[in-house]
$ cat input.pdb   # PDB, C-alpha atoms
ATOM      1  CA  MET B   1     104.232 189.847  -7.463  1.00  0.00           C
ATOM      2  CA  THR B   2     106.825 188.807  -4.856  1.00  0.00           C
ATOM      3  CA  PHE B   3     105.976 185.146  -5.477  1.00  0.00           C
ATOM      4  CA  LEU B   4     106.609 185.601  -9.199  1.00  0.00           C
ATOM      5  CA  TRP B   5     110.026 187.131  -8.510  1.00  0.00           C
ATOM      6  CA  LEU B   6     110.850 184.255  -6.187  1.00  0.00           C
ATOM      7  CA  ILE B   7     110.021 181.755  -8.940  1.00  0.00           C
ATOM      8  CA  VAL B   8     112.172 183.677 -11.449  1.00  0.00           C
ATOM      9  CA  VAL B   9     115.122 183.847  -9.034  1.00  0.00           C
ATOM     10  CA  LEU B  10     114.848 180.130  -8.253  1.00  0.00           C
ATOM     11  CA  ALA B  11     114.693 179.238 -11.958  1.00  0.00           C
ATOM     12  CA  ILE B  12     117.748 181.357 -12.729  1.00  0.00           C
ATOM     13  CA  GLY B  13     119.579 179.882  -9.734  1.00  0.00           C
ATOM     14  CA  PHE B  14     118.839 176.342 -10.897  1.00  0.00           C
ATOM     15  CA  ALA B  15     119.958 177.143 -14.448  1.00  0.00           C
ATOM     16  CA  ILE B  16     123.266 178.484 -13.118  1.00  0.00           C
ATOM     17  CA  TYR B  17     123.713 175.470 -10.820  1.00  0.00           C
ATOM     18  CA  VAL B  18     123.176 173.044 -13.715  1.00  0.00           C
ATOM     19  CA  ARG B  19     125.974 174.738 -15.668  1.00  0.00           C
ATOM     20  CA  VAL B  20     128.541 174.981 -12.866  1.00  0.00           C
ATOM     21  CA  ALA B  21     127.854 172.006 -10.594  1.00  0.00           C
ATOM     22  CA  PRO B  22     130.952 169.796 -10.402  1.00  0.00           C
ATOM     23  CA  SER B  23     130.752 166.232 -11.677  1.00  0.00           C
ATOM     24  CA  ASP B  24     131.717 163.646  -9.068  1.00  0.00           C
ATOM     25  CA  THR B  25     133.973 161.285 -10.986  1.00  0.00           C
ATOM     26  CA  ALA B  26     133.575 158.543  -8.369  1.00  0.00           C
ATOM     27  CA  LYS B  27     129.809 158.604  -8.855  1.00  0.00           C
ATOM     28  CA  TRP B  28     129.629 158.770 -12.653  1.00  0.00           C
ATOM     29  CA  HIS B  29     132.751 156.892 -13.816  1.00  0.00           C
ATOM     30  CA  LYS B  30     131.859 153.308 -12.921  1.00  0.00           C
ATOM     31  CA  GLU B  31     131.846 150.155 -14.998  1.00  0.00           C
ATOM     32  CA  PRO B  32     128.423 149.947 -16.646  1.00  0.00           C
ATOM     33  CA  GLN B  33     126.317 147.013 -15.528  1.00  0.00           C
ATOM     34  CA  VAL B  34     124.923 145.953 -18.887  1.00  0.00           C
ATOM     35  CA  ALA B  35     123.652 142.408 -19.381  1.00  0.00           C
ATOM     36  CA  HIS B  36     121.306 143.290 -22.270  1.00  0.00           C
ATOM     37  CA  ASP B  37     119.863 146.310 -24.067  1.00  0.00           C
ATOM     38  CA  SER B  38     117.397 148.325 -22.015  1.00  0.00           C
ATOM     39  CA  ASP B  39     115.723 151.718 -21.991  1.00  0.00           C
ATOM     40  CA  ASN B  40     114.447 153.581 -18.935  1.00  0.00           C
ATOM     41  CA  GLU B  41     112.848 157.005 -18.574  1.00  0.00           C
ATOM     42  CA  ASN B  42     116.208 158.757 -18.214  1.00  0.00           C
ATOM     43  CA  SER B  43     118.810 156.182 -19.229  1.00  0.00           C
ATOM     44  CA  VAL B  44     119.805 153.631 -21.844  1.00  0.00           C
ATOM     45  CA  ARG B  45     122.027 150.555 -21.743  1.00  0.00           C
ATOM     46  CA  ARG B  46     123.470 148.899 -24.819  1.00  0.00           C
ATOM     47  CA  LEU B  47     125.590 145.783 -25.302  1.00  0.00           C
ATOM     48  CA  VAL B  48     127.373 145.881 -28.671  1.00  0.00           C
ATOM     49  CA  MET B  49     129.525 143.284 -30.415  1.00  0.00           C
ATOM     50  CA  SER B  50     132.284 145.673 -31.423  1.00  0.00           C
ATOM     51  CA  GLY B  51     135.547 143.781 -31.695  1.00  0.00           C
ATOM     52  CA  ARG B  52     138.528 144.617 -29.539  1.00  0.00           C
ATOM     53  CA  ASP B  53     138.845 148.122 -31.000  1.00  0.00           C
ATOM     54  CA  GLY B  54     135.222 149.091 -30.318  1.00  0.00           C
ATOM     55  CA  LEU B  55     136.027 151.545 -27.547  1.00  0.00           C
ATOM     56  CA  ALA B  56     138.659 153.308 -29.652  1.00  0.00           C
ATOM     57  CA  ARG B  57     136.188 153.748 -32.521  1.00  0.00           C
ATOM     58  CA  PHE B  58     133.389 154.743 -30.121  1.00  0.00           C
ATOM     59  CA  HIS B  59     135.705 157.310 -28.524  1.00  0.00           C
ATOM     60  CA  GLN B  60     136.422 158.979 -31.872  1.00  0.00           C
ATOM     61  CA  VAL B  61     132.698 159.326 -32.532  1.00  0.00           C
ATOM     62  CA  ALA B  62     131.918 160.581 -29.016  1.00  0.00           C
ATOM     63  CA  VAL B  63     134.601 163.278 -28.842  1.00  0.00           C
ATOM     64  CA  GLY B  64     133.536 164.464 -32.282  1.00  0.00           C
ATOM     65  CA  THR B  65     130.074 165.244 -30.932  1.00  0.00           C
ATOM     66  CA  PRO B  66     129.385 168.905 -30.104  1.00  0.00           C
ATOM     67  CA  ARG B  67     129.362 169.805 -26.390  1.00  0.00           C
ATOM     68  CA  THR B  68     130.885 166.419 -25.430  1.00  0.00           C
ATOM     69  CA  THR B  69     133.996 166.126 -23.253  1.00  0.00           C
ATOM     70  CA  VAL B  70     135.758 163.322 -21.412  1.00  0.00           C
ATOM     71  CA  LEU B  71     134.967 163.283 -17.693  1.00  0.00           C
ATOM     72  CA  ALA B  72     137.286 160.402 -16.800  1.00  0.00           C
ATOM     73  CA  GLY B  73     139.074 157.364 -18.157  1.00  0.00           C
ATOM     74  CA  SER B  74     140.734 156.626 -21.462  1.00  0.00           C
ATOM     75  CA  VAL B  75     140.734 154.129 -24.285  1.00  0.00           C
ATOM     76  CA  ASP B  76     143.970 152.650 -22.894  1.00  0.00           C
ATOM     77  CA  GLU B  77     142.252 152.083 -19.525  1.00  0.00           C
ATOM     78  CA  GLY B  78     139.373 150.343 -21.306  1.00  0.00           C
ATOM     79  CA  MET B  79     136.663 152.665 -19.997  1.00  0.00           C
ATOM     80  CA  VAL B  80     135.712 156.278 -20.728  1.00  0.00           C
ATOM     81  CA  THR B  81     132.952 158.451 -19.294  1.00  0.00           C
ATOM     82  CA  TYR B  82     131.749 161.392 -21.375  1.00  0.00           C
ATOM     83  CA  VAL B  83     129.696 164.447 -20.456  1.00  0.00           C
ATOM     84  CA  THR B  84     127.414 165.816 -23.154  1.00  0.00           C
ATOM     85  CA  ARG B  85     125.632 169.069 -22.404  1.00  0.00           C
ATOM     86  CA  SER B  86     122.327 170.113 -23.958  1.00  0.00           C
ATOM     87  CA  LYS B  87     122.444 173.054 -26.325  1.00  0.00           C
ATOM     88  CA  LEU B  88     119.973 175.366 -24.613  1.00  0.00           C
ATOM     89  CA  LEU B  89     120.382 174.909 -20.857  1.00  0.00           C
ATOM     90  CA  ALA B  90     123.644 172.894 -20.744  1.00  0.00           C
ATOM     91  CA  TYR B  91     122.065 169.995 -18.850  1.00  0.00           C
ATOM     92  CA  PRO B  92     124.753 167.305 -18.405  1.00  0.00           C
ATOM     93  CA  ASP B  93     124.209 163.738 -19.555  1.00  0.00           C
ATOM     94  CA  TYR B  94     126.802 161.064 -18.783  1.00  0.00           C
ATOM     95  CA  THR B  95     127.732 158.197 -21.079  1.00  0.00           C
ATOM     96  CA  THR B  96     130.142 155.486 -19.964  1.00  0.00           C
ATOM     97  CA  ALA B  97     131.615 153.018 -22.446  1.00  0.00           C
ATOM     98  CA  TYR B  98     133.520 149.945 -21.281  1.00  0.00           C
ATOM     99  CA  GLN B  99     135.412 147.465 -23.455  1.00  0.00           C
ATOM    100  CA  ASP B 100     134.762 143.912 -22.229  1.00  0.00           C
ATOM    101  CA  GLY B 101     136.569 141.594 -24.643  1.00  0.00           C
ATOM    102  CA  ASP B 102     134.776 141.899 -27.994  1.00  0.00           C
ATOM    103  CA  MET B 103     131.766 143.523 -26.329  1.00  0.00           C
ATOM    104  CA  LEU B 104     131.243 147.223 -25.720  1.00  0.00           C
ATOM    105  CA  LYS B 105     129.023 148.076 -22.761  1.00  0.00           C
ATOM    106  CA  VAL B 106     127.449 151.527 -22.994  1.00  0.00           C
ATOM    107  CA  PHE B 107     125.401 153.279 -20.319  1.00  0.00           C
ATOM    108  CA  GLY B 108     123.940 156.739 -20.995  1.00  0.00           C
ATOM    109  CA  ARG B 109     122.009 158.613 -18.321  1.00  0.00           C
ATOM    110  CA  SER B 110     120.804 162.035 -17.232  1.00  0.00           C
ATOM    111  CA  ARG B 111     122.035 163.795 -14.148  1.00  0.00           C
ATOM    112  CA  PHE B 112     118.965 165.953 -13.584  1.00  0.00           C
ATOM    113  CA  GLY B 113     115.314 165.085 -13.997  1.00  0.00           C
ATOM    114  CA  ARG B 114     113.355 161.873 -14.110  1.00  0.00           C
ATOM    115  CA  LYS B 115     112.731 161.768 -17.843  1.00  0.00           C
ATOM    116  CA  ASP B 116     115.032 162.556 -20.750  1.00  0.00           C
ATOM    117  CA  PHE B 117     112.492 162.158 -23.584  1.00  0.00           C
ATOM    118  CA  GLY B 118     114.763 159.673 -25.341  1.00  0.00           C
ATOM    119  CA  VAL B 119     117.744 162.024 -25.657  1.00  0.00           C
ATOM    120  CA  ASN B 120     120.248 159.550 -24.196  1.00  0.00           C
ATOM    121  CA  ALA B 121     118.924 156.653 -26.261  1.00  0.00           C
ATOM    122  CA  ASN B 122     119.079 158.721 -29.448  1.00  0.00           C
ATOM    123  CA  ARG B 123     122.650 159.852 -28.730  1.00  0.00           C
ATOM    124  CA  VAL B 124     123.913 156.379 -27.812  1.00  0.00           C
ATOM    125  CA  GLU B 125     122.219 154.814 -30.843  1.00  0.00           C
ATOM    126  CA  ALA B 126     123.734 157.457 -33.127  1.00  0.00           C
ATOM    127  CA  TRP B 127     127.197 156.832 -31.694  1.00  0.00           C
ATOM    128  CA  ILE B 128     126.809 153.068 -32.094  1.00  0.00           C
ATOM    129  CA  ASP B 129     125.464 153.449 -35.645  1.00  0.00           C
ATOM    130  CA  ALA B 130     128.543 155.537 -36.514  1.00  0.00           C
ATOM    131  CA  LEU B 131     130.838 152.663 -35.555  1.00  0.00           C
TER     132      LEU B 131
END
$ encode --input "input.pdb" --output "structure tokens"
Amino acid sequence: MTFLWLIVVLAIGFAIYVRVAPSDTAKWHKEPQVAHDSDNENSVRRLVMSGRDGLARFHQVAVGTPRTTVLAGSVDEGMVTYVTRSKLLAYPDYTTAYQDGDMLKVFGRSRFGRKDFGVNANRVEAWIDAL
């Protein structure tokens, strides 16, 4: 019975940590290294021909998404990093968009876990489709 309580306490502790852990801007707000589209188990990279106003349009879509806030950057700076939290457990995912001429480089990734079950790819694709 004690072991079960230990598991419950650890699970609750982790759930609280996920919600309150600070986001290190220096770690997450970096220019995305995107040479081509790619998908990994917990991240997605997209290179989009967007025109020079791509980041501004992308920004409007991103900030209109529920549970999404700006971590760092701005459209005027040419790069913005967003935090989107999952509905149930508030897991943070980070998406960085960088305007490089007429190209928009987008990198979405999870902070916790090794697999995101396509959540980042689905979000990034939806944001790009809305452009």
$ axis_aligned_box --input "input.pdb" --around "segment 14-20 of chain B" --padding-each-side "4 Å" --output "JSON"
{"center_x": 123.7, "center_y": 175.8, "center_z": -13.2, "size_x": 17.7, "size_y": 13.4, "size_z": 12.8}
$ closest_atom_pairs --input "input.pdb" --of "segment 86-110 of chain B" --to "segment 60-78 of chain B" --cutoff "9 Å" --atoms "only C-alpha atoms" --output "Markdown table"
| residue | atom | partner | partner_atom | distance |
| --- | --- | --- | --- | --- |
| B:Ser86 | CA | B:Arg67 | CA | 7.4 |
| B:Lys87 | CA | B:Arg67 | CA | 7.6 |
| B:Ala90 | CA | B:Arg67 | CA | 8.6 |
| B:Tyr94 | CA | B:Leu71 | CA | 8.5 |
| B:Ala97 | CA | B:Gly78 | CA | 8.3 |
| B:Tyr98 | CA | B:Gly78 | CA | 5.9 |
| B:Gln99 | CA | B:Gly78 | CA | 5.3 |
| B:Asp100 | CA | B:Gly78 | CA | 8.0 |
$ residues_near_point --input "input.pdb" --point "(112.5, 153.3, -20.3)" --cutoff "12 Å" --atoms "only C-alpha atoms" --output "PyMOL selection string"
chain B and resi 37-45+108-109+114-121
$ atom_distance --input "input.pdb" --atom1 "atom CA of Ser110 of chain B" --atom2 "atom CA of Leu55 of chain B"
21.2 Å
$ closest_residue --input "input.pdb" --among "B:Ala126, B:Ala56, B:Arg46, B:Arg111" --to "Tyr91 of chain B" --atoms "all atoms listed in the file"
B:Arg111
$ residues_around --input "input.pdb" --residues "Val20 of chain B" --least-positions-apart "4" --cutoff "12 Å" --atoms "only C-alpha atoms" --output "list in words"
Gly13, Phe14, Ala15, Ile16, Arg85, Leu89, Ala90, Tyr91 and Pro92 of chain B
$ write_last_selection --input "input.pdb" --atoms "C-alpha atoms" --output "CSV table (one decimal), keeping the file's coordinate frame"
chain,number,residue,atom,x,y,z
B,13,GLY,CA,119.6,179.9,-9.7
B,14,PHE,CA,118.8,176.3,-10.9
B,15,ALA,CA,120.0,177.1,-14.4
B,16,ILE,CA,123.3,178.5,-13.1
B,85,ARG,CA,125.6,169.1,-22.4
B,89,LEU,CA,120.4,174.9,-20.9
B,90,ALA,CA,123.6,172.9,-20.7
B,91,TYR,CA,122.1,170.0,-18.8
B,92,PRO,CA,124.8,167.3,-18.4
$ atom_distance --input "input.pdb" --atom1 "atom CA of Asp53 of chain B" --atom2 "atom CA of Leu131 of chain B"
10.3 Å
$ atom_distance --input "input.pdb" --atom1 "atom CA of Arg57 of chain B" --atom2 "atom CA of Phe112 of chain B"
28.4 Å
$ closest_residue --input "input.pdb" --among "B:Val18, B:Val48, B:Met79, B:Leu88" --to "Gly113 of chain B" --atoms "all atoms listed in the file"
B:Val18
$ closest_residue --input "input.pdb" --among "B:Leu104, B:Val83, B:Met1, B:Val124" --to "Ser23 of chain B" --atoms "all atoms listed in the file"
B:Val83
$ closest_residue --input "input.pdb" --among "B:Asn122, B:Leu47, B:Thr84, B:Lys105" --to "Arg19 of chain B" --atoms "only C-alpha atoms"
B:Thr84
$ resolve_selection --input "input.pdb" --expression "the PyMOL selection byres ((chain B and resi 96) around 6)" --output "list of chain:residue names"
B:Val80, B:Thr81, B:Thr95, B:Ala97, B:Val106, B:Phe107
